[in-house]
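Everything below concerns the one structure shown next.
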Amino acid sequence: MNKNMSIVGVPMDLGADRRGVDMGPSAIRYAGVVARLEKMGFHIEDRGDIFVTRPHRFTETENHKYLDEVVEANEKLADVVSDIMTAGRFPLVLGGDHSIALGTIAGVAKHVKNLGVIWFDAHGDLNTGETSPSGNIHGMPLAASLGYGHKRLTNIGGFAPKLQPENVVIIGARDLDQGERDLIKRIGIKVFTMHEIDKLGMARVMEEAIAHVSKNTDGVHLSLDLDGLDPHDAPGVGTPVIGGISYREGHVSLEMLADADILCSAEFVEVNPILDRENMTARVAVALMSSVFGDKLL
């Protein structure tokens with residue numbers, strides 16, 4: 001794995017329309033991410049945080065809350081991530097709500113022609129303005145990256161689509177809206193729900209997921225939403241869903257991903273310190289990062 005790593009935070013809560021998750025990057029830094037990764041031999045450059053405009057009043061465009069501000073922040077993020085890739089460094093993005101995946105993936109996809117994505121999440125994030133029950137853009141980034149949804153979201157970075165459905169794997173899903181189910185079936189995205197994880201075991205799921213996402217790709221992006229874990233282990237998230245991936249299952253899955261050595265970028269999102277207990281979820285995020293970046297007990 002590339003030992004030259006650049007960290008960028010995105011203090012975004014507009015995609016979730018719930019305060020607190022904008023403090024996620026600070027919470028993860030406070031939990032010691034830089035020291036942990038430097039101890040593992042990484043050469044860390046912290047580029048600070050993307051500036052996110054805070055509107056003076058609530059805005060909604062065609063069932064997309066805060067569309068202007070979300071697009072603006074993600075365009076900036078796409079440029080920063082692209083600059084990091086141009087410099088030959090590994091981009092690690094700290095969220096912020098999951099709408100920031102729009103910018104991360106756009107920046108990475110400028111450099112990786114056939115980009116694969118492993119999407120750890122309780123949700124599909126495959127809604128569009130037509131299917132979203134809430135209008136919250138953090139439920140739309142994977143759909144938009146695949147080319148579905150509002151043109152201002154699909155065209156972030158100046159091109160679309162960024163991903164092909166056969167190069168995407170969702171792991172840990174247990175709360176899907178009807179529109180998301182329909183899109184999954186229509187375009188054939190590989191999804192390992194909690195049913196498959198319980199039935200097959202996490203090791204088998206990861207073997208299949210890694211094989212699937214590596215088949216015709218030039219690099220893989222990890223997008224990890226902390227609500228993919230069970231709320232018992234990661235309570236500080238905005239949309240918790242019981243019955244999720246355990247702390248240990250999370251580690252073994254990321255350890256296997258580290259062994260596969262296929263990642264070209266990563267983001268960890270949806271840490272909300274206001275809803276957390278003693279920064280527990282941010283500390284879990286840092287521990288998971290150590291696993292996916294190759295930390296070993298022996």
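Residue numbering restarts at 1 for every chain of the structure tokens, chains are lettered A, B, ... in their displayed order, and ligands are numbered from 1 as they appear.
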
Practice task
Please identify all polymer residues within 7 Å of Ile84 in chain A, counting only C-alpha atoms, omitting same-chain residues fewer than 6 positions from it, and present them as number ranges by chain.
Solution key: A: 6, 90-91

Please tabulate, as CSV, the residues of range 168-237 of chain A that come within 10 Å of range 246-260 of chain A, each with its closest pair of atoms and the distance in Å to one decimal, counting only C-alpha atoms and ordering rows by chain, then residue number upward.
residue,atom,partner,partner_atom,distance
A:Ile171,CA,A:Ser253,CA,10.0
A:Gly172,CA,A:Gly250,CA,9.9
A:Ile197,CA,A:Glu249,CA,9.4
A:Gly201,CA,A:Glu249,CA,8.9
A:Met202,CA,A:Glu249,CA,6.3
A:Ala203,CA,A:Ser253,CA,6.7
A:Arg204,CA,A:Ser253,CA,9.6
A:Val205,CA,A:Ser253,CA,8.5
A:Met206,CA,A:Ser253,CA,6.1
A:Glu207,CA,A:Met256,CA,8.0
A:Ala209,CA,A:Leu257,CA,9.5
A:Ile210,CA,A:Leu257,CA,7.2
A:Ala211,CA,A:Ala260,CA,9.4
A:Ser214,CA,A:Ala260,CA,9.3
A:Leu222,CA,A:Leu257,CA,9.4
A:Leu226,CA,A:Gly250,CA,10.0
A:Gly228,CA,A:Gly250,CA,8.9
A:Leu229,CA,A:Ser246,CA,5.9
A:Asp230,CA,A:Ser246,CA,5.8
A:Pro231,CA,A:Ser246,CA,9.0
A:His232,CA,A:Ser246,CA,8.4
A:Asp233,CA,A:Tyr247,CA,6.0
A:Ala234,CA,A:Tyr247,CA,8.3

Fill in the blank from the handout: Counting only C-alpha atoms, the residue among A:Met140, A:Ala27, A:Met1, A:Leu14 that lies closest to His123 in chain A is A:Met140

Exercise for the section: List every residue of range 45-280 of chain A that DSSP, applied to the backbone of this structure, assigns to strand (DSSP E or B), and report them as a PyMOL selection string. Expected result: chain A and resi 45-49+60+65+90-95+115-120+123+168-173+175+190-193+219-225+229+245+263-269

Problem - Shell of 12 Å around Ala16 in chain A, only C-alpha atoms, local chain residues under 2 positions omitted, as a count of residues only - result: 36

Fill in the blank from the handout: Of A:Arg89, A:Lys76, A:His56, A:Arg152, the one sitting nearest Phe42 in chain A when using only C-alpha atoms is A:Arg89

Exercise for the section: Output as a VMD selection string all residues of range 141-247 of chain A that backbone DSSP marks as alpha helix (DSSP H). Expected result: chain A and resid 141 to 145 151 to 154 178 to 187 194 to 200 202 to 214 247

Residues of range 155-257 of chain A that have any atom at most 12 Å from an atom of range 127-133 of chain A: could you tabulate them with the shortest-distance atom pair and the distance in Å to one decimal, using only C-alpha atoms, ordered by chain and increasing number, as CSV?
residue,atom,partner,partner_atom,distance
A:Leu176,CA,A:Asn127,CA,9.4
A:Asp177,CA,A:Asn127,CA,7.8
A:Gln178,CA,A:Thr131,CA,7.9
A:Gly179,CA,A:Thr131,CA,5.3
A:Glu180,CA,A:Asn127,CA,5.7
A:Arg181,CA,A:Asn127,CA,9.5
A:Asp182,CA,A:Thr131,CA,10.1
A:Leu183,CA,A:Asn127,CA,8.6
A:Ile184,CA,A:Asn127,CA,10.5

Fill in the blank from the handout: One residue among A:Ser265, A:Gln164, A:Asn2, A:Thr104 is nearest to Val80 in chain A when using only C-alpha atoms, and that residue is A:Thr104

Name the residues in contact with Thr86 in chain A at a cut-off of 10 Å, using only C-alpha atoms, excluding same-chain residues fewer than 5 positions from it; report them as an mmCIF file with N, CA and C atoms, in the first residue's frame.
data_model
loop_
_atom_site.group_PDB
_atom_site.id
_atom_site.type_symbol
_atom_site.label_atom_id
_atom_site.label_comp_id
_atom_site.auth_asym_id
_atom_site.auth_seq_id
_atom_site.Cartn_x
_atom_site.Cartn_y
_atom_site.Cartn_z
ATOM 1 N N VAL A 80 -9.550 18.590 -4.573
ATOM 2 C CA VAL A 80 -8.496 18.272 -3.602
ATOM 3 C C VAL A 80 -8.070 16.810 -3.728
ATOM 4 N N VAL A 81 -9.043 15.898 -3.824
ATOM 5 C CA VAL A 81 -8.723 14.479 -3.954
ATOM 6 C C VAL A 81 -7.946 14.221 -5.244
ATOM 7 N N VAL A 108 -11.239 10.615 -7.318
ATOM 8 C CA VAL A 108 -10.489 9.382 -7.563
ATOM 9 C C VAL A 108 -10.718 8.875 -8.984
ATOM 10 N N LYS A 110 -11.183 10.363 -11.653
ATOM 11 C CA LYS A 110 -10.429 11.081 -12.682
ATOM 12 C C LYS A 110 -9.098 10.393 -12.979
ATOM 13 N N HIS A 111 -8.635 9.592 -12.037
ATOM 14 C CA HIS A 111 -7.312 8.963 -12.158
ATOM 15 C C HIS A 111 -7.379 7.446 -12.303
#

Problem - Within 12 Å of Ile28 in chain A using only C-alpha atoms, minus same-chain residues under 2 positions, as a PyMOL selection string - result: chain A and resi 7-11+21-26+30-36+92-96+226+236+267-273+279-289
